[in-house]
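Shown below: upload.txt, with compact mmCIF, C-alpha atoms.
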# COMPACT_ATOMS: atom_id res chain seq x y z
CA MET A 1 -83.95 -100.93 -74.23
CA THR A 2 -86.37 -100.62 -71.31
CA SER A 3 -88.88 -103.28 -70.38
CA SER A 4 -92.04 -101.32 -69.61
CA GLY A 5 -94.60 -102.74 -67.19
CA THR A 6 -92.71 -105.97 -66.56
CA ALA A 7 -92.67 -106.06 -62.76
CA VAL A 8 -94.20 -109.26 -61.40
CA VAL A 9 -96.21 -109.16 -58.16
CA THR A 10 -96.61 -112.36 -56.16
CA LEU A 11 -97.94 -113.17 -52.69
CA PRO A 12 -95.52 -115.64 -51.05
CA ALA A 13 -97.33 -115.51 -47.67
CA ASP A 14 -100.56 -114.09 -46.25
CA ASN A 15 -98.78 -110.94 -45.04
CA GLN A 16 -96.30 -110.45 -47.93
CA ILE A 17 -96.02 -108.85 -51.35
CA LEU A 18 -93.03 -109.73 -53.54
CA ILE A 19 -92.18 -107.48 -56.49
CA THR A 20 -89.61 -108.70 -59.04
CA ARG A 21 -88.34 -106.79 -62.07
CA GLU A 22 -85.31 -106.94 -64.32
CA PHE A 23 -83.52 -103.75 -65.40
CA ASP A 24 -81.26 -103.14 -68.36
CA ALA A 25 -78.69 -101.43 -66.12
CA PRO A 26 -75.97 -102.55 -63.72
CA ALA A 27 -76.76 -102.82 -60.01
CA ARG A 28 -74.59 -99.84 -59.06
CA LEU A 29 -76.70 -97.57 -61.30
CA VAL A 30 -80.03 -98.97 -60.09
CA TRP A 31 -78.74 -98.45 -56.53
CA LYS A 32 -77.71 -94.87 -57.31
CA ALA A 33 -81.12 -94.08 -58.82
CA TRP A 34 -82.87 -95.72 -55.81
CA THR A 35 -80.85 -93.84 -53.16
CA THR A 36 -80.02 -90.37 -54.57
CA PRO A 37 -82.65 -87.69 -53.79
CA GLU A 38 -82.29 -85.78 -57.10
CA LEU A 39 -82.70 -89.05 -59.02
CA ILE A 40 -85.60 -90.34 -56.87
CA LYS A 41 -87.47 -87.15 -57.80
CA ARG A 42 -87.27 -88.23 -61.46
CA TRP A 43 -88.95 -91.64 -61.04
CA TRP A 44 -90.79 -92.10 -57.74
CA ALA A 45 -94.18 -90.58 -58.75
CA GLY A 46 -94.41 -92.56 -61.98
CA GLU A 47 -97.03 -90.85 -64.16
CA ARG A 48 -99.20 -89.88 -61.19
CA GLY A 49 -97.93 -86.52 -60.05
CA GLU A 50 -94.84 -84.54 -59.13
CA VAL A 51 -92.34 -85.33 -56.39
CA THR A 52 -91.93 -82.26 -54.19
CA SER A 53 -89.57 -83.53 -51.49
CA VAL A 54 -87.10 -86.39 -51.04
CA GLU A 55 -85.01 -86.89 -47.90
CA VAL A 56 -82.47 -89.72 -47.67
CA ASP A 57 -80.20 -90.37 -44.67
CA LEU A 58 -78.71 -93.60 -46.03
CA ARG A 59 -77.31 -95.24 -42.90
CA VAL A 60 -78.62 -97.82 -40.44
CA GLY A 61 -80.97 -95.88 -38.17
CA GLY A 62 -81.26 -93.10 -40.77
CA ARG A 63 -84.61 -92.03 -42.12
CA TRP A 64 -86.09 -91.45 -45.57
CA ARG A 65 -89.17 -89.53 -46.69
CA ASN A 66 -90.75 -89.02 -50.14
CA VAL A 67 -93.59 -86.57 -50.83
CA MET A 68 -95.51 -85.97 -54.04
CA ILE A 69 -98.46 -83.89 -55.17
CA ALA A 70 -100.62 -86.41 -56.99
CA ASP A 71 -102.68 -85.60 -60.04
CA GLY A 72 -105.82 -84.18 -58.46
CA GLY A 73 -103.84 -81.92 -56.15
CA PHE A 74 -103.54 -84.00 -52.98
CA GLU A 75 -100.32 -84.77 -51.13
CA VAL A 76 -99.02 -88.34 -50.79
CA ALA A 77 -96.14 -89.01 -48.42
CA PHE A 78 -94.23 -92.08 -47.26
CA HIS A 79 -91.40 -92.36 -44.76
CA GLY A 80 -89.33 -95.00 -43.04
CA GLU A 81 -86.15 -95.97 -41.27
CA TYR A 82 -83.19 -97.90 -42.64
CA ARG A 83 -82.52 -101.15 -40.75
CA GLU A 84 -79.83 -102.78 -42.92
CA ILE A 85 -77.72 -101.53 -45.83
CA VAL A 86 -75.33 -103.49 -48.05
CA GLU A 87 -74.18 -101.08 -50.76
CA HIS A 88 -75.30 -102.01 -54.30
CA GLU A 89 -77.01 -105.19 -52.97
CA ARG A 90 -79.59 -104.80 -50.21
CA ILE A 91 -81.65 -102.31 -48.19
CA VAL A 92 -84.01 -103.26 -45.39
CA SER A 93 -86.26 -100.41 -44.26
CA THR A 94 -89.65 -99.67 -42.84
CA GLU A 95 -92.26 -97.96 -45.01
CA VAL A 96 -95.16 -95.95 -43.63
CA TYR A 97 -97.86 -94.34 -45.76
CA GLU A 98 -98.56 -91.16 -43.82
CA GLY A 99 -102.26 -91.22 -44.77
CA LEU A 100 -102.63 -94.58 -42.99
CA PRO A 101 -99.78 -94.76 -40.46
CA ASP A 102 -100.84 -98.10 -38.94
CA ALA A 103 -100.34 -99.88 -42.27
CA SER A 104 -96.55 -99.95 -42.17
CA SER A 105 -94.41 -102.60 -43.82
CA LEU A 106 -90.87 -103.90 -43.54
CA ASN A 107 -89.35 -103.83 -47.04
CA THR A 108 -86.30 -105.76 -48.20
CA LEU A 109 -84.82 -104.52 -51.48
CA THR A 110 -82.35 -106.87 -53.17
CA LEU A 111 -80.32 -106.18 -56.32
CA VAL A 112 -78.63 -109.05 -58.20
CA GLU A 113 -76.57 -108.25 -61.29
CA ARG A 114 -75.87 -110.70 -64.11
CA ASP A 115 -74.26 -109.72 -67.42
CA GLY A 116 -74.89 -106.00 -66.87
CA ARG A 117 -78.60 -106.50 -66.10
CA THR A 118 -80.04 -106.24 -62.61
CA THR A 119 -82.90 -108.14 -61.01
CA LEU A 120 -84.57 -106.05 -58.33
CA THR A 121 -86.81 -107.67 -55.75
CA VAL A 122 -88.76 -105.96 -53.00
CA LEU A 123 -90.32 -108.12 -50.31
CA ALA A 124 -92.88 -106.12 -48.31
CA GLU A 125 -93.97 -107.73 -45.03
CA TYR A 126 -97.05 -106.42 -43.22
CA PRO A 127 -98.32 -106.98 -39.66
CA SER A 128 -101.43 -108.73 -41.04
CA LYS A 129 -103.11 -110.10 -44.16
CA GLU A 130 -105.74 -107.33 -43.89
CA LEU A 131 -103.11 -104.58 -44.11
CA ARG A 132 -101.36 -106.33 -47.01
CA ASP A 133 -104.66 -106.71 -48.86
CA GLY A 134 -105.52 -103.06 -48.22
CA HIS A 135 -102.25 -102.06 -49.87
CA LEU A 136 -102.95 -104.32 -52.85
CA GLU A 137 -106.48 -102.92 -53.23
CA SER A 138 -105.21 -99.31 -53.15
CA GLY A 139 -104.15 -99.52 -56.78
CA MET A 140 -100.49 -99.76 -55.83
CA GLU A 141 -99.56 -102.03 -58.73
CA GLY A 142 -100.29 -99.54 -61.51
CA GLY A 143 -98.30 -96.78 -59.85
CA MET A 144 -95.51 -99.20 -58.97
CA GLN A 145 -95.21 -100.35 -62.61
CA GLU A 146 -94.93 -96.71 -63.76
CA SER A 147 -92.36 -95.88 -61.08
CA LEU A 148 -90.19 -98.90 -61.88
CA ASP A 149 -90.36 -98.11 -65.61
CA ARG A 150 -89.06 -94.63 -64.84
CA LEU A 151 -86.47 -96.03 -62.42
CA GLU A 152 -85.05 -98.14 -65.24
CA GLN A 153 -84.93 -95.11 -67.56
CA VAL A 154 -83.11 -93.05 -64.93
CA ALA A 155 -80.65 -95.84 -64.07
CA ALA A 156 -79.90 -96.52 -67.75
CA SER A 157 -79.34 -92.81 -68.39
CA LEU A 158 -76.51 -92.78 -65.81
CA GLY A 159 -74.39 -95.33 -67.70

Will you turn the file into structure tokens for me?
Amino acid sequence: MTSSGTAVVTLPADNQILITREFDAPARLVWKAWTTPELIKRWWAGERGEVTSVEVDLRVGGRWRNVMIADGGFEVAFHGEYREIVEHERIVSTEVYEGLPDASSLNTLTLVERDGRTTLTVLAEYPSKELRDGHLESGMEGGMQESLDRLEQVAASLG
């Protein structure tokens, strides 16, 4: 049973966004769906377009890049570099929206499993409050909710 639209967004500091969501899937499957290119293609765009390219070099110093054609026909791309990886538990990476490359963030993904369910948190830290607020005002929450709903469906389908 998926829990649609249940991600909670909070602002723990002036330059931070914290996203928290529980998944009805074990951490190893959420991890697999988060880090496997063929699986990322199934959830990353949410309901907003089609993922056309996913690159994952899952190692410290490795890079990632996701590209989609959004509804309306324009390309949206993000990329970053992995800074820390603890398999099935934690990924720290940069995230750069290629349409606004100065608005990068440092994202810490954490997965905590309890009784076969996984709590995912993503803490995004920005260089300034203005950049954080710009990301919030971009409509990111709606797309993020859709993407995380699909992520849960993909992870649960692997079990």

Determine, using all atoms listed in the file, which residues of region 91-114 of chain A have any atom at most 8 Å from an atom of region 81-84 of chain A, and tabulate each with its shortest atom pair and distance in Å to one decimal place, rows ordered by chain and then rising number, as CSV.
residue,atom,partner,partner_atom,distance
A:Ile91,CA,A:Glu84,CA,5.6
A:Val92,CA,A:Glu84,CA,4.9
A:Ser93,CA,A:Tyr82,CA,4.3
A:Thr94,CA,A:Glu81,CA,5.3
A:Glu95,CA,A:Glu81,CA,7.4

To box region 141-151 of chain A, take all atoms listed in the file, fit an axis-aligned box, add 3 Å on each side, and give centre and edge lengths in Å to one decimal, as JSON.
{"center_x": -93.4, "center_y": -98.3, "center_z": -62.2, "size_x": 19.8, "size_y": 13.4, "size_z": 12.9}

Around (-76.1, -105.7, -54.2), as given in the file, which residues come within 8 Å? Count only C-alpha atoms and list them as a PDB file with C-alpha atoms, in the frame of the given file.
ATOM      1  CA  ALA A  27     -76.760-102.820 -60.010  1.00  0.00           C
ATOM      2  CA  ARG A  28     -74.590 -99.840 -59.060  1.00  0.00           C
ATOM      3  CA  VAL A  86     -75.330-103.490 -48.050  1.00  0.00           C
ATOM      4  CA  GLU A  87     -74.180-101.080 -50.760  1.00  0.00           C
ATOM      5  CA  HIS A  88     -75.300-102.010 -54.300  1.00  0.00           C
ATOM      6  CA  GLU A  89     -77.010-105.190 -52.970  1.00  0.00           C
ATOM      7  CA  ARG A  90     -79.590-104.800 -50.210  1.00  0.00           C
ATOM      8  CA  THR A 110     -82.350-106.870 -53.170  1.00  0.00           C
ATOM      9  CA  LEU A 111     -80.320-106.180 -56.320  1.00  0.00           C
ATOM     10  CA  VAL A 112     -78.630-109.050 -58.200  1.00  0.00           C
ATOM     11  CA  GLU A 113     -76.570-108.250 -61.290  1.00  0.00           C
TER      12      GLU A 113
END

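If you look at CA of Gln153 (chain A) and CA of Glu47 (chain A), they are 13.3 Å away from each other.
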
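Reported to one decimal place, the separation of CA of Ala45 (chain A) from CA of Ser147 (chain A) is 6.1 Å.
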
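You will find CA of Thr6 (chain A) at 23.4 Å from CA of Thr36 (chain A).
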
Surrounding residues of Glu141 (chain A) excluding itself and chain neighbours under 3 positions, 10 Å, all atoms listed in the file, as an MDAnalysis selection string = chainID A and resid 5 7:9 19 135:138 144:147

Export, as a PDB file, in the frame of the given file, the selected residues with C-alpha atoms.
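Output below, filename again28.pdb:
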ATOM      1  CA  GLY A   5     -94.600-102.740 -67.190  1.00  0.00           C
ATOM      2  CA  ALA A   7     -92.670-106.060 -62.760  1.00  0.00           C
ATOM      3  CA  VAL A   8     -94.200-109.260 -61.400  1.00  0.00           C
ATOM      4  CA  VAL A   9     -96.210-109.160 -58.160  1.00  0.00           C
ATOM      5  CA  ILE A  19     -92.180-107.480 -56.490  1.00  0.00           C
ATOM      6  CA  HIS A 135    -102.250-102.060 -49.870  1.00  0.00           C
ATOM      7  CA  LEU A 136    -102.950-104.320 -52.850  1.00  0.00           C
ATOM      8  CA  GLU A 137    -106.480-102.920 -53.230  1.00  0.00           C
ATOM      9  CA  SER A 138    -105.210 -99.310 -53.150  1.00  0.00           C
ATOM     10  CA  MET A 144     -95.510 -99.200 -58.970  1.00  0.00           C
ATOM     11  CA  GLN A 145     -95.210-100.350 -62.610  1.00  0.00           C
ATOM     12  CA  GLU A 146     -94.930 -96.710 -63.760  1.00  0.00           C
ATOM     13  CA  SER A 147     -92.360 -95.880 -61.080  1.00  0.00           C
TER      14      SER A 147
END

If we count only C-alpha atoms, what is near Ala77 (chain A) at a cut-off of 6 Å, once residues fewer than 2 positions away on the same chain are taken out, given as a count of residues only?
-> 3

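Between Gly72 (chain A) and the candidates A:Met140, A:Glu50, A:Val56, A:Lys41, the tightest atom-to-atom separation, counting only C-alpha atoms, involves A:Glu50.
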
So which residues are close to (-91.8, -102.2, -44.7), meaning at most 7 Å away in the file's coordinates with all atoms listed in the file counted, and can you show them as JSON, numbers by chain?
-> {"A": [93, 94, 95, 104, 105, 106, 107, 124, 125, 126]}

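Nearest to Arg59 (chain A) of all the residues A:Ala155, A:Gly99, A:Ile85, A:Leu120 is A:Ile85, based on only C-alpha atoms.
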
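Among the candidate residues A:Pro101, A:Lys129, A:Arg48, A:Leu58, the one lying nearest to Trp34 (chain A) is A:Leu58, with distances computed using only C-alpha atoms.
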